[in-house]
Structures are given as C-alpha cells and as structure tokens.
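Visitor: Structure: my_file-v4.txt, compact mmCIF, C-alpha atoms and all ligand atoms.
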```txt
# COMPACT_ATOMS: atom_id res chain seq x y z
CA MET A 1 48.34 -78.38 2.57
CA THR A 2 49.79 -81.18 4.66
CA ASP A 3 48.94 -79.67 8.03
CA THR A 4 45.19 -79.24 7.63
CA SER A 5 42.61 -81.18 9.58
CA VAL A 6 42.17 -83.45 6.52
CA SER A 7 45.58 -84.97 7.11
CA GLY A 8 45.39 -88.56 8.31
CA ARG A 9 41.57 -88.61 8.09
CA ARG A 10 39.52 -91.32 6.35
CA ILE A 11 37.35 -89.72 3.70
CA LEU A 12 34.90 -91.57 1.49
CA LEU A 13 34.20 -89.83 -1.81
CA GLY A 14 30.83 -90.64 -3.37
CA VAL A 15 30.59 -89.87 -7.06
CA SER A 16 27.24 -89.79 -8.86
CA GLY A 17 26.59 -89.38 -12.55
CA GLY A 18 27.21 -85.89 -13.78
CA VAL A 19 29.73 -84.12 -15.97
CA ALA A 20 31.19 -82.54 -12.84
CA ALA A 21 32.54 -86.03 -11.97
CA TYR A 22 35.73 -85.03 -13.78
CA LYS A 23 36.34 -82.42 -11.07
CA SER A 24 36.00 -85.13 -8.42
CA VAL A 25 39.20 -86.72 -9.69
CA TYR A 26 40.97 -83.49 -8.80
CA LEU A 27 39.10 -83.42 -5.47
CA ALA A 28 40.35 -86.94 -4.70
CA ARG A 29 43.88 -85.86 -5.60
CA ARG A 30 43.65 -82.70 -3.44
CA LEU A 31 42.46 -84.73 -0.46
CA GLY A 32 45.19 -87.32 -1.00
CA ASP A 33 47.86 -84.62 -1.31
CA ALA A 34 46.59 -83.13 1.95
CA GLY A 35 47.30 -86.44 3.67
CA ALA A 36 43.80 -87.93 3.72
CA GLU A 37 43.08 -91.59 3.08
CA VAL A 38 40.53 -91.58 0.27
CA ARG A 39 38.23 -94.30 -0.99
CA VAL A 40 35.64 -93.92 -3.70
CA VAL A 41 32.14 -95.27 -4.21
CA MET A 42 30.50 -94.55 -7.55
CA THR A 43 27.12 -95.02 -9.18
CA GLU A 44 26.98 -96.96 -12.44
CA THR A 45 26.09 -93.72 -14.22
CA ALA A 46 29.15 -91.98 -12.79
CA THR A 47 31.32 -94.56 -14.55
CA GLN A 48 29.94 -93.22 -17.85
CA PHE A 49 31.66 -89.93 -17.07
CA VAL A 50 34.88 -91.06 -15.37
CA GLY A 51 36.32 -94.56 -15.38
CA THR A 52 36.98 -96.47 -12.18
CA GLN A 53 40.61 -96.81 -13.25
CA THR A 54 41.11 -93.05 -13.01
CA PHE A 55 40.02 -92.99 -9.37
CA ALA A 56 41.96 -96.18 -8.66
CA ALA A 57 45.09 -94.53 -10.03
CA VAL A 58 44.58 -91.37 -7.97
CA THR A 59 43.58 -93.02 -4.66
CA GLY A 60 45.41 -96.34 -4.91
CA VAL A 61 42.17 -98.24 -4.21
CA GLU A 62 39.67 -99.63 -6.73
CA PRO A 63 36.31 -97.78 -6.32
CA VAL A 64 33.21 -99.70 -5.24
CA VAL A 65 30.45 -99.57 -7.85
CA SER A 66 28.26 -102.59 -7.18
CA LEU A 67 26.67 -104.06 -4.08
CA PHE A 68 27.14 -107.56 -5.46
CA ASP A 69 30.28 -108.22 -7.46
CA ASP A 70 32.85 -106.72 -5.13
CA ALA A 71 35.28 -109.56 -4.37
CA ARG A 72 36.69 -107.68 -1.36
CA SER A 73 33.56 -107.87 0.78
CA VAL A 74 30.25 -109.71 1.15
CA SER A 75 28.63 -106.46 2.32
CA PRO A 76 30.47 -103.60 0.64
CA HIS A 77 28.00 -100.89 1.66
CA THR A 78 28.14 -101.59 5.40
CA ASP A 79 31.91 -102.09 5.31
CA LEU A 80 32.29 -98.82 3.45
CA ALA A 81 29.76 -97.05 5.68
CA ARG A 82 31.72 -97.91 8.85
CA TRP A 83 35.09 -96.93 7.46
CA PRO A 84 35.08 -93.12 6.93
CA GLU A 85 35.26 -90.21 9.33
CA LEU A 86 33.43 -88.16 6.72
CA VAL A 87 31.60 -88.82 3.47
CA VAL A 88 31.62 -86.26 0.67
CA VAL A 89 29.36 -86.71 -2.35
CA ALA A 90 30.62 -84.78 -5.36
CA PRO A 91 28.87 -84.41 -7.66
CA ALA A 92 25.58 -85.06 -5.90
CA THR A 93 22.97 -85.33 -8.65
CA ALA A 94 19.25 -84.64 -8.20
CA ALA A 95 18.66 -88.42 -8.07
CA THR A 96 21.33 -88.98 -5.41
CA LEU A 97 20.00 -86.10 -3.26
CA SER A 98 16.45 -87.40 -3.55
CA ARG A 99 17.45 -90.99 -2.75
CA LEU A 100 19.23 -89.93 0.45
CA ALA A 101 16.42 -87.54 1.41
CA HIS A 102 13.86 -90.33 1.11
CA GLY A 103 15.95 -93.18 2.46
CA LEU A 104 16.17 -95.13 -0.80
CA SER A 105 19.08 -97.53 -1.14
CA GLU A 106 19.28 -98.73 -4.70
CA ASP A 107 22.97 -98.94 -5.38
CA ALA A 108 26.32 -99.02 -3.59
CA LEU A 109 26.44 -95.24 -3.13
CA SER A 110 22.90 -94.72 -1.81
CA ALA A 111 23.10 -97.83 0.40
CA THR A 112 26.39 -96.61 1.89
CA LEU A 113 24.96 -93.14 2.52
CA LEU A 114 22.02 -94.71 4.34
CA ALA A 115 24.21 -97.02 6.41
CA THR A 116 26.83 -94.55 7.55
CA THR A 117 26.81 -92.49 10.75
CA ALA A 118 29.66 -90.29 9.53
CA PRO A 119 28.84 -86.67 8.65
CA ILE A 120 27.89 -86.23 5.00
CA VAL A 121 28.88 -83.23 2.88
CA LEU A 122 26.96 -82.93 -0.40
CA ALA A 123 28.11 -80.90 -3.42
CA PRO A 124 25.06 -80.73 -5.73
CA ALA A 125 25.46 -80.48 -9.51
CA MET A 126 22.61 -80.42 -12.00
CA HIS A 127 20.79 -78.27 -14.50
CA THR A 128 19.09 -75.15 -13.14
CA GLU A 129 15.62 -76.47 -13.93
CA MET A 130 16.34 -79.62 -11.93
CA TRP A 131 17.83 -77.67 -9.00
CA ASP A 132 14.86 -75.30 -8.95
CA HIS A 133 12.28 -78.08 -9.18
CA PRO A 134 10.08 -78.26 -6.05
CA ALA A 135 10.92 -81.97 -5.70
CA THR A 136 14.66 -81.25 -5.51
CA GLN A 137 14.10 -78.32 -3.16
CA ARG A 138 11.94 -80.57 -0.95
CA SER A 139 14.78 -83.09 -0.84
CA VAL A 140 17.26 -80.32 0.00
CA SER A 141 15.05 -79.18 2.89
CA LEU A 142 14.85 -82.73 4.21
CA LEU A 143 18.60 -83.24 3.88
CA VAL A 144 19.37 -80.01 5.72
CA ALA A 145 16.86 -80.89 8.42
CA ASP A 146 18.53 -84.30 8.74
CA GLY A 147 21.78 -82.49 9.51
CA HIS A 148 23.60 -83.05 6.23
CA GLU A 149 25.75 -80.27 4.90
CA LEU A 150 25.34 -78.82 1.44
CA VAL A 151 28.09 -76.88 -0.27
CA GLY A 152 26.88 -75.02 -3.33
CA PRO A 153 25.74 -75.23 -6.03
CA ASP A 154 27.22 -72.19 -7.75
CA GLU A 155 26.02 -70.31 -10.79
CA GLY A 156 28.00 -70.83 -13.98
CA HIS A 157 28.51 -73.02 -17.02
CA LEU A 158 26.52 -76.25 -17.02
CA ALA A 159 26.50 -79.27 -19.31
CA GLY A 160 25.35 -78.66 -22.89
CA GLY A 161 26.45 -75.03 -22.93
CA ASP A 162 23.77 -73.82 -20.48
CA VAL A 163 24.51 -71.21 -17.85
CA GLY A 164 22.75 -70.89 -14.50
CA ALA A 165 22.47 -72.16 -10.92
CA GLY A 166 23.43 -75.80 -10.44
CA ARG A 167 27.14 -75.86 -11.12
CA MET A 168 29.19 -77.88 -8.65
CA VAL A 169 31.44 -75.67 -6.51
CA GLU A 170 35.16 -75.93 -7.12
CA PRO A 171 37.12 -78.71 -5.35
CA GLU A 172 38.92 -76.10 -3.19
CA GLN A 173 35.58 -75.01 -1.71
CA ILE A 174 34.58 -78.63 -1.10
CA VAL A 175 37.89 -79.28 0.69
CA ALA A 176 37.21 -76.19 2.86
CA ALA A 177 33.72 -77.52 3.74
CA ILE A 178 35.23 -80.91 4.62
CA GLU A 179 37.86 -79.25 6.81
CA GLN A 180 35.20 -77.20 8.60
CA SER A 181 33.06 -80.27 9.20
CA LEU A 182 35.98 -82.38 10.45
CA ALA A 183 37.33 -79.58 12.64
CA ALA A 184 33.93 -79.30 14.32
CA GLY A 185 34.24 -83.01 15.08
CA PHE A 186 33.15 -84.12 18.50
CA ASP A 187 34.03 -80.98 20.43
CA LEU A 188 30.74 -80.98 22.37
CA ALA A 189 31.08 -84.58 23.55
CA GLY A 190 29.17 -85.10 26.80
CA VAL A 191 27.88 -81.49 27.06
CA ASP A 192 24.24 -81.32 28.23
CA VAL A 193 22.38 -79.03 25.89
CA LEU A 194 18.83 -77.69 25.87
CA VAL A 195 17.36 -76.24 22.67
CA THR A 196 13.91 -74.69 22.28
CA ALA A 197 12.43 -74.48 18.79
CA GLY A 198 9.32 -73.61 16.81
CA GLY A 199 6.51 -71.13 17.29
CA THR A 200 4.15 -71.59 20.21
CA ARG A 201 0.38 -71.90 19.76
CA GLU A 202 -1.83 -70.21 22.31
CA ALA A 203 -5.36 -71.60 22.42
CA ILE A 204 -8.36 -69.38 21.74
CA ASP A 205 -10.63 -72.42 21.88
CA PRO A 206 -9.99 -76.15 21.25
CA VAL A 207 -9.75 -75.45 17.49
CA ARG A 208 -8.15 -72.01 17.05
CA TYR A 209 -4.95 -70.55 18.34
CA LEU A 210 -2.74 -67.48 18.21
CA GLY A 211 0.52 -68.45 16.55
CA ASN A 212 3.47 -67.13 14.59
CA ARG A 213 5.33 -67.98 11.40
CA SER A 214 8.32 -69.79 12.94
CA SER A 215 8.87 -73.18 11.27
CA GLY A 216 11.34 -74.51 13.82
CA LYS A 217 13.99 -75.19 11.14
CA MET A 218 16.69 -73.04 12.74
CA GLY A 219 16.17 -74.56 16.18
CA HIS A 220 16.04 -78.13 14.88
CA THR A 221 19.21 -77.53 12.89
CA VAL A 222 20.94 -76.10 15.98
CA ALA A 223 19.88 -79.18 17.97
CA THR A 224 20.88 -81.67 15.27
CA VAL A 225 24.29 -80.11 14.73
CA ALA A 226 24.96 -80.14 18.50
CA ALA A 227 24.03 -83.83 18.66
CA ARG A 228 26.32 -84.56 15.73
CA ARG A 229 29.13 -82.78 17.57
CA GLY A 230 28.63 -85.11 20.55
CA ALA A 231 26.29 -83.14 22.86
CA ASN A 232 23.42 -84.73 24.82
CA VAL A 233 20.59 -82.68 23.40
CA THR A 234 17.09 -82.19 24.78
CA LEU A 235 14.97 -80.42 22.19
CA VAL A 236 11.77 -78.81 23.47
CA THR A 237 9.84 -78.01 20.34
CA THR A 238 6.46 -77.27 18.83
CA SER A 239 7.63 -78.55 15.43
CA SER A 240 7.40 -82.05 13.94
CA LEU A 241 10.55 -81.64 11.85
CA PRO A 242 13.11 -84.42 12.33
CA ALA A 243 15.84 -84.06 14.94
CA PRO A 244 18.13 -87.09 14.65
CA GLY A 245 20.17 -87.82 17.74
CA CYS A 246 18.10 -85.55 20.03
CA GLU A 247 15.70 -86.33 22.85
CA VAL A 248 12.56 -84.54 21.70
CA VAL A 249 9.91 -83.11 24.03
CA LYS A 250 6.93 -81.99 22.00
CA VAL A 251 4.94 -79.04 23.36
CA GLU A 252 2.41 -76.57 22.04
CA SER A 253 2.00 -73.47 24.21
CA ALA A 254 4.44 -71.15 25.97
CA GLN A 255 3.19 -72.50 29.29
CA GLU A 256 3.93 -76.11 28.25
CA MET A 257 7.32 -75.08 26.89
CA ALA A 258 8.18 -73.28 30.14
CA LYS A 259 7.22 -76.38 32.16
CA ALA A 260 9.23 -78.73 29.94
CA VAL A 261 12.27 -76.42 30.02
CA SER A 262 12.16 -76.13 33.82
CA ALA A 263 12.57 -79.91 34.03
CA VAL A 264 15.81 -79.93 32.00
CA SER A 265 19.17 -79.25 33.61
CA CYS A 266 21.85 -78.23 31.15
CA GLU A 267 25.20 -76.54 30.65
CA VAL A 268 24.09 -74.71 27.52
CA ALA A 269 20.61 -73.45 26.59
CA VAL A 270 19.86 -72.23 23.09
CA MET A 271 16.47 -70.55 23.01
CA ALA A 272 15.55 -70.59 19.33
CA ALA A 273 11.79 -70.86 19.88
CA ALA A 274 9.48 -68.05 18.83
CA VAL A 275 7.52 -67.85 22.06
CA ALA A 276 4.26 -65.90 22.15
CA ASP A 277 4.53 -63.00 24.57
CA PHE A 278 0.80 -63.01 25.25
CA ARG A 279 -1.93 -65.64 25.28
CA PRO A 280 -5.72 -65.47 25.48
CA ALA A 281 -6.60 -65.16 29.17
CA ASN A 282 -10.05 -66.58 28.57
CA ALA A 283 -9.54 -69.57 26.25
CA SER A 284 -12.90 -71.21 25.71
CA ASP A 285 -13.38 -74.91 26.55
CA ASP A 286 -15.84 -75.20 23.69
CA LYS A 287 -15.47 -74.25 20.06
CA LEU A 288 -16.61 -70.65 19.57
CA ALA A 289 -19.50 -70.27 17.15
CA ARG A 290 -19.71 -67.65 14.42
CA THR A 291 -23.30 -66.97 15.43
CA GLU A 292 -22.07 -65.73 18.81
CA GLY A 293 -20.36 -62.84 17.00
CA PRO A 294 -16.70 -61.73 17.19
CA PRO A 295 -15.17 -62.94 20.46
CA LYS A 296 -13.49 -60.53 22.85
CA ILE A 297 -10.00 -61.95 23.28
CA VAL A 298 -8.29 -60.59 26.36
CA LEU A 299 -4.56 -61.32 26.45
CA GLU A 300 -2.29 -61.99 29.38
CA PRO A 301 1.52 -62.33 29.44
CA THR A 302 3.18 -65.73 29.04
CA PRO A 303 6.21 -66.74 31.10
CA ASP A 304 9.54 -65.47 29.75
CA ILE A 305 11.26 -68.83 29.41
CA LEU A 306 14.69 -67.47 28.53
CA SER A 307 14.68 -65.17 31.56
CA SER A 308 13.73 -68.03 33.86
CA VAL A 309 16.73 -70.01 32.57
CA VAL A 310 19.08 -67.01 33.01
CA ALA A 311 17.71 -66.59 36.56
CA ARG A 312 18.55 -70.18 37.60
CA GLU A 313 20.74 -70.56 40.68
CA ASP A 314 23.47 -72.14 38.56
CA PRO A 315 22.63 -70.73 35.13
CA PRO A 316 23.81 -72.42 31.96
CA LEU A 317 25.46 -70.57 29.14
CA VAL A 318 22.47 -68.99 27.36
CA VAL A 319 22.08 -68.21 23.67
CA GLY A 320 19.04 -66.19 22.58
CA PHE A 321 17.58 -65.56 19.16
CA ALA A 322 16.15 -62.22 18.08
CA ALA A 323 14.07 -62.31 14.91
CA GLU A 324 13.35 -58.66 14.15
CA THR A 325 11.90 -56.59 11.33
CA GLY A 326 14.42 -53.78 11.62
CA GLY A 327 18.07 -53.05 12.35
CA VAL A 328 20.30 -54.82 14.82
CA GLU A 329 20.04 -52.10 17.52
CA ARG A 330 16.89 -53.55 19.08
CA ALA A 331 18.56 -56.97 19.33
CA VAL A 332 21.69 -55.46 20.94
CA GLU A 333 19.50 -53.81 23.56
CA LYS A 334 17.64 -57.12 24.02
CA ALA A 335 20.87 -59.08 24.45
CA LYS A 336 21.96 -56.78 27.28
CA ARG A 337 18.52 -56.62 28.89
CA LYS A 338 18.08 -60.39 28.82
CA LYS A 339 21.69 -60.98 29.96
CA VAL A 340 22.41 -63.67 27.38
CA ASP A 341 25.94 -64.87 26.63
CA LEU A 342 25.24 -64.71 22.91
CA MET A 343 22.34 -63.38 20.85
CA VAL A 344 21.69 -64.37 17.25
CA TYR A 345 19.91 -61.61 15.36
CA ASN A 346 18.27 -61.85 11.97
CA ASP A 347 15.99 -59.56 10.00
CA VAL A 348 13.01 -61.71 9.00
CA THR A 349 12.16 -59.34 6.14
CA ALA A 350 15.59 -59.72 4.47
CA ALA A 351 15.92 -61.99 1.41
CA GLY A 352 16.83 -65.56 2.40
CA SER A 353 16.32 -64.87 6.13
CA GLY A 354 12.58 -65.28 6.43
CA PHE A 355 10.58 -67.98 8.17
CA GLY A 356 10.76 -71.49 6.72
CA THR A 357 13.86 -70.83 4.60
CA ASP A 358 16.95 -73.07 4.57
CA THR A 359 19.22 -70.05 4.77
CA ASN A 360 19.74 -67.24 7.24
CA GLN A 361 21.75 -64.05 7.42
CA VAL A 362 22.57 -63.40 11.05
CA VAL A 363 24.53 -61.08 13.29
CA PHE A 364 26.15 -62.62 16.36
CA ILE A 365 25.85 -60.24 19.33
CA ASP A 366 28.19 -60.84 22.26
CA ALA A 367 27.30 -60.25 25.92
CA ASP A 368 29.00 -56.83 25.82
CA GLY A 369 26.89 -55.80 22.80
CA GLY A 370 29.68 -56.29 20.23
CA THR A 371 28.28 -57.28 16.83
CA ARG A 372 29.67 -59.76 14.28
CA PRO A 373 27.67 -59.65 11.02
CA GLN A 374 27.73 -62.79 8.84
CA GLU A 375 27.10 -63.50 5.16
CA LEU A 376 23.90 -65.22 4.00
CA MET A 377 24.51 -68.95 4.65
CA SER A 378 22.69 -72.22 5.22
CA LYS A 379 21.07 -72.75 8.60
CA THR A 380 23.46 -75.66 9.10
CA GLU A 381 26.41 -73.30 8.67
CA VAL A 382 24.84 -70.82 11.13
CA ALA A 383 24.41 -73.68 13.61
CA GLN A 384 28.02 -74.80 13.12
CA MET A 385 29.27 -71.24 13.78
CA LEU A 386 27.03 -70.91 16.82
CA TRP A 387 28.39 -74.12 18.37
CA THR A 388 31.99 -73.19 17.56
CA ASP A 389 31.39 -69.92 19.46
CA VAL A 390 29.74 -71.73 22.36
CA HIS A 391 32.55 -74.27 22.46
CA HIS A 392 35.11 -71.45 22.75
CA MET A 393 33.13 -69.94 25.63
CA LEU A 394 32.90 -73.32 27.40
CA VAL A 395 36.64 -73.89 27.05
CA GLN A 396 37.42 -70.40 28.39
CA ASP A 397 35.24 -70.91 31.51
N1 LIG B 1 11.83 -65.98 24.72
C1 LIG B 1 11.44 -66.89 25.66
N2 LIG B 1 10.22 -66.79 26.27
C2 LIG B 1 9.37 -65.80 25.92
C3 LIG B 1 9.74 -64.84 24.95
C4 LIG B 1 11.00 -64.98 24.35
O1 LIG B 1 12.22 -67.82 25.97
N3 LIG B 1 8.18 -65.72 26.52
C5 LIG B 1 13.18 -66.08 24.11
C6 LIG B 1 13.18 -66.46 22.64
O2 LIG B 1 13.27 -67.86 22.48
C7 LIG B 1 14.43 -65.75 22.13
C8 LIG B 1 14.54 -64.53 23.02
O3 LIG B 1 13.76 -64.81 24.20
O4 LIG B 1 15.59 -66.51 22.33
C9 LIG B 1 14.08 -63.25 22.38
O5 LIG B 1 12.73 -63.41 21.96
P1 LIG B 1 11.91 -62.18 21.46
O6 LIG B 1 10.49 -62.58 21.24
O7 LIG B 1 12.64 -61.52 20.35
O8 LIG B 1 12.06 -61.22 22.74
P2 LIG B 1 11.05 -60.51 23.64
O9 LIG B 1 11.73 -60.31 24.95
O10 LIG B 1 9.75 -61.22 23.67
O11 LIG B 1 10.95 -59.10 22.97
P3 LIG B 1 9.94 -58.52 21.86
O12 LIG B 1 8.91 -59.56 21.60
O13 LIG B 1 9.43 -57.31 22.50
O14 LIG B 1 10.79 -58.24 20.67
```
Take the structure from the file and write it as structure tokens.
Ligand code: CTP
Guide:
Amino acid sequence: MTDTSVSGRRILLGVSGGVAAYKSVYLARRLGDAGAEVRVVMTETATQFVGTQTFAAVTGVEPVVSLFDDARSVSPHTDLARWPELVVVAPATAATLSRLAHGLSEDALSATLLATTAPIVLAPAMHTEMWDHPATQRSVSLLVADGHELVGPDEGHLAGGDVGAGRMVEPEQIVAAIEQSLAAGFDLAGVDVLVTAGGTREAIDPVRYLGNRSSGKMGHTVATVAARRGANVTLVTTSSLPAPGCEVVKVESAQEMAKAVSAVSCEVAVMAAAVADFRPANASDDKLARTEGPPKIVLEPTPDILSSVVAREDPPLVVGFAAETGGVERAVEKAKRKKVDLMVYNDVTAAGSGFGTDTNQVVFIDADGGTRPQELMSKTEVAQMLWTDVHHMLVQD
C-alpha cells in the first residue's frame, strides 16, 4: 500500500466515543503503513474506549484530548485544524455528527472540525435507533449539504449484541474513501463553473405558483464539491440550501434563471435545475379570489436554458440532468438532442433516487449515447464522480 495517494499526506484522525473506536487504532495503523502522517484528536468519551497511549504508540504522537491542558500549544484546535490535508472522523457518533452539523464546538474534536478548511470524511457508528432518529438524519442532511463526505454506516453487529444499521464500515473502506477524497484534491483549481439548481416557480398570481418537487440538493452538492476541488463556482439556484464556497445567485422563475445564466461566462456548465417547461402566460398582478371561480390558466413555453448555453458562440462543456419516471432510453435520446457532453439520468420513482433524498442512483450518458450505470450512492459521491469525468474531458481538450 505504499504507493497510494495517502502516502506522504497529513491526515488527522478524529475519534469520538463509541465501541468502534477500537477499529480506529487499526485505521491509524493502516494509514501509517501506507505512508501517511497521522495525528489523532479524541473526545473525552473516546478515551473510555481506547487509551491515548494506544494511539500514541501507533502514530508516534500523543493525541490531543483537551482544549486547555495541551502543553504543546496555546490553541490546539486551530493548530490542529490548519495541519491536515484531510480529516477523518471514525467513529463519528450521533453527538459528534450533530455538533458539526450545528456548528457547536465543545471539545477539542468539535472545535477542530469547525476550524478546519480541510475536507472531512465521517464514518458514523451508533445504534440503529439513534441513526434512524429524525434529529440524526437532519444532521446528516446538513452535513452532506455542507459538502462533508459520509462513508457508511453498514448493517451488522452493534454494541450490546444488537444487530442493525449503524455499524461503522471497516477501516479498509474508510481508507478507500480517504484516497478518493484526496485524489480528487484540487483538480478543478481556477476552472470557471456554472451550476443551476432547484425547481423553478412560475407565478400564477403573487401568491401561487406552478412548481415541481426538486429540492436543489443534487445541484447544491455538485456546486459545493466543485468549489472544494478548487473551481470558481457561480450557483444560480431557487433553493436556500447552503452552498459553501460558491457565489450564489438566487432566482425564482425560469425567466429569471435564464437571465442570470446568460450573465455568467464559464468553462463548464452543469444544469441540475428542474426548470419548468411552461409558465402561466397570464399571471395575475392581484391575488385571485375563490369567488371568481376556477381560473383559466393558459401556459406558454419558458426559455430552454441549457440549449441557450449549448448554442453560445464559444460553448462551455455542458452537463445536463434528466430526472425521468421510466427507463434510460428517453434520457439517451435527450442527451443527443440537447447535444450535451454528459447527461446524468436518474429514475425519480426508484428507491433512494427521489426528490429531497441524500442518495441517488444515476446513469452517466456520454455524448455518443453510451451509458454507464452506477450503484445507489450519496449525492456527494455522484458529484465527485461527475467532476472526475468532467476533469478528464477538460484535460483531453
Ligand atoms: N433545462 C433547462 N431549461 C429548460 C428545461 C430544461 O436548462 N427550460 C435543462 C435541465 O436543467 C436539465 C436538462 O435541460 O439539465 C433536461 O431537463 P428536462 O426537463 O429533463 O428536459 P426537457 O428538454 O424539458 O424534456 P422533457 O421535459 O420533455 O422531459
């Protein structure tokens, strides 16, 4: 394993309090054997499961546990935060996930996570009930939207003899996630990128609109991942989800989105927005009243934003999204008709691929119509794959 992308890299291992902490010792060893420089920051609770001496013996450096009694530094969390090229938290307990999701810095680990700009890979471990709890799932959604990467959890044996979802993935899988994240690195440095996201709202009157179910999560994740990989990202979106590192232009209708997009010059355009194809031609200036009876809503076409980008004099590399309710054939036809360089198809009726989910099962469709089906994965992983593809295309040009 000495030739992997982990070799020579500075990796900070965060350990929070769960039984799976024993596996993190092996993780630290694996990373060290692969040539990485590893330091460890632990919560107090984690020390109940594995002693600091064990990590010190494996990494050669005493772990940081407290913000206050570390003789090596007056500000251990900021020193630690600036040091790594990547932070991996394994195990990441429900409390640690929630602290990071909500910006709470209560101990050396959570303060370091808040202070670092390095990519963060989280390997959750907890009981199934805790993983399934809406509060944890809310935190997970926030963390994914913030651009953090989650690996796992798996199903299997948990503490106390229970079996279910919430088991930390094996160290090998965590190492693979770290390698993927590091390999992605800064390969889009300086590339001007435009991303559209969210579902448009087409006014019927000042109160009502015609809309769709798109949450904007996929597009915001695509934008955030590009920014993390060094791109200059302009995100034209209808959604209020976070998009750290991106310049955000908030719009509502297809018309507004088209106008905002036309003002952005870019080398790559990823059109992840769910744009209404038609809008009310006769939107009322005043709120329609029930007493007036059912309104007659006449529709007219909206501008095809993607096509206007493809038709530019010096067109960027264009990636389209096709959210369909049937097989991939319609998306293949669409990819060719719209002349995109890459189309990302998903079936919105498939499990885990619907609107508002954190996961997606996609098929990448190349310009020649060739299809590359993918497994169900997190939207962050889809975004990483998309940008790796785009990067290859940019390098080939
Ligand atoms: N798109 C766009 N502007 C529109 C309609 C779609 O930019 N007015 C983009 C979407 O962002 C997406 C791609 O075109 O990247 C495909 O969108 P989709 O709605 O599936 O395609 P349509 O051409 O509208 O086809 P249909 O609605 O008939 O499936």
Visitor: Using all atoms listed in the file, what table do you get, as a Markdown table, when you list each residue of chain A with an atom no more than 6 Å from ligand LIG 1 (chain B), its nearest pair of atoms, and their distance in Å rounded to one decimal, rows by chain then rising number?
Guide:
```
| residue | atom | partner | partner_atom | distance |
| --- | --- | --- | --- | --- |
| A:Met271 | CA | B:LIG1 | O4 | 4.2 |
| A:Ala272 | CA | B:LIG1 | O2 | 4.8 |
| A:Ala273 | CA | B:LIG1 | O2 | 4.2 |
| A:Ala274 | CA | B:LIG1 | O2 | 5.3 |
| A:Val275 | CA | B:LIG1 | C3 | 4.7 |
| A:Ala276 | CA | B:LIG1 | N3 | 5.9 |
| A:Asp277 | CA | B:LIG1 | N3 | 5.0 |
| A:Thr302 | CA | B:LIG1 | N3 | 5.6 |
| A:Pro303 | CA | B:LIG1 | N3 | 5.1 |
| A:Asp304 | CA | B:LIG1 | N3 | 3.5 |
| A:Ile305 | CA | B:LIG1 | O1 | 3.7 |
| A:Leu306 | CA | B:LIG1 | O1 | 3.6 |
| A:Gly320 | CA | B:LIG1 | O4 | 3.5 |
| A:Phe321 | CA | B:LIG1 | O4 | 3.9 |
| A:Ala322 | CA | B:LIG1 | O7 | 4.2 |
| A:Ala323 | CA | B:LIG1 | O7 | 5.7 |
```
Visitor: Between A:Thr238, A:Thr116, A:Gln180, A:Ser378, which is the closest to Gly199 in chain A once you count all atoms listed in the file?
Guide: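 The answer is A:Thr238, which sits nearest to Gly199 in chain A.
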Visitor: Pick out the residues sitting within 9 Å of Leu31 in chain A, and hand them over as a list of chain:residue names; count all atoms listed in the file, and ignore anything fewer than 3 positions along from it in its own chain.
Guide: A:Val6, A:Ser7, A:Ile11, A:Tyr26, A:Leu27, A:Ala28, A:Ala34, A:Gly35, A:Ala36, A:Glu37, A:Val38, A:Val175
Visitor: Calculate how many Å separate CA of Arg167 in chain A from CA of Thr349 in chain A, rounding to one decimal.
Guide: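 Answer for the CA of Arg167 in chain A to CA of Thr349 in chain A separation: 28.2 Å.
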Visitor: Figure out the distance between CA of Thr196 in chain A and CA of Ala367 in chain A, please, to one decimal in Å.
Guide: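 Rounded to one decimal, the two atoms are 20.0 Å apart.
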Visitor: I'd like the contact shell of Asn232 in chain A - 7 Å cut-off, all atoms listed in the file, skipping same-chain residues fewer than 2 positions apart - returned as number ranges by chain.
Guide: A: 190-193, 227, 230, 234
Visitor: One number please: CA of Val40 in chain A to CA of Gly185 in chain A, in Å, one decimal.
Guide: 21.8 Å
Visitor: Compare A:Ser215, A:Ser308, A:Thr221, A:Thr291 by their minimum atom-to-atom distance to Ala258 in chain A, counting only C-alpha atoms, and give me the closest one.
Guide: A:Ser308
Visitor: Identify which of the residues A:Val195, A:Leu342, A:Val144, A:Leu80 lies closest to Glu381 in chain A, counting all atoms listed in the file when measuring atom-to-atom distances.
Guide: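 For Glu381 in chain A, the nearest of the candidates is A:Val144.
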Visitor: I'd like the contact shell of range 49-56 of chain A - 12 Å cut-off, only C-alpha atoms, skipping same-chain residues fewer than 4 positions apart - returned as a ChimeraX atom specification.
Guide: /A:13-29,32,38-45,60-66,91
Visitor: Listing only residues of range 169-220 of chain A within 8 Å of range 119-131 of chain A, what is the closest atom pair and its distance in Å (to one decimal) for each, using all atoms listed in the file, sorted by chain and residue number ascending, as a Markdown table?
Guide:
```
| residue | atom | partner | partner_atom | distance |
| --- | --- | --- | --- | --- |
| A:Val169 | CA | A:Ala123 | CA | 6.9 |
| A:Ile174 | CA | A:Ala123 | CA | 7.2 |
| A:Ala177 | CA | A:Val121 | CA | 7.5 |
| A:Ile178 | CA | A:Val121 | CA | 7.0 |
| A:Ser181 | CA | A:Pro119 | CA | 7.7 |
```
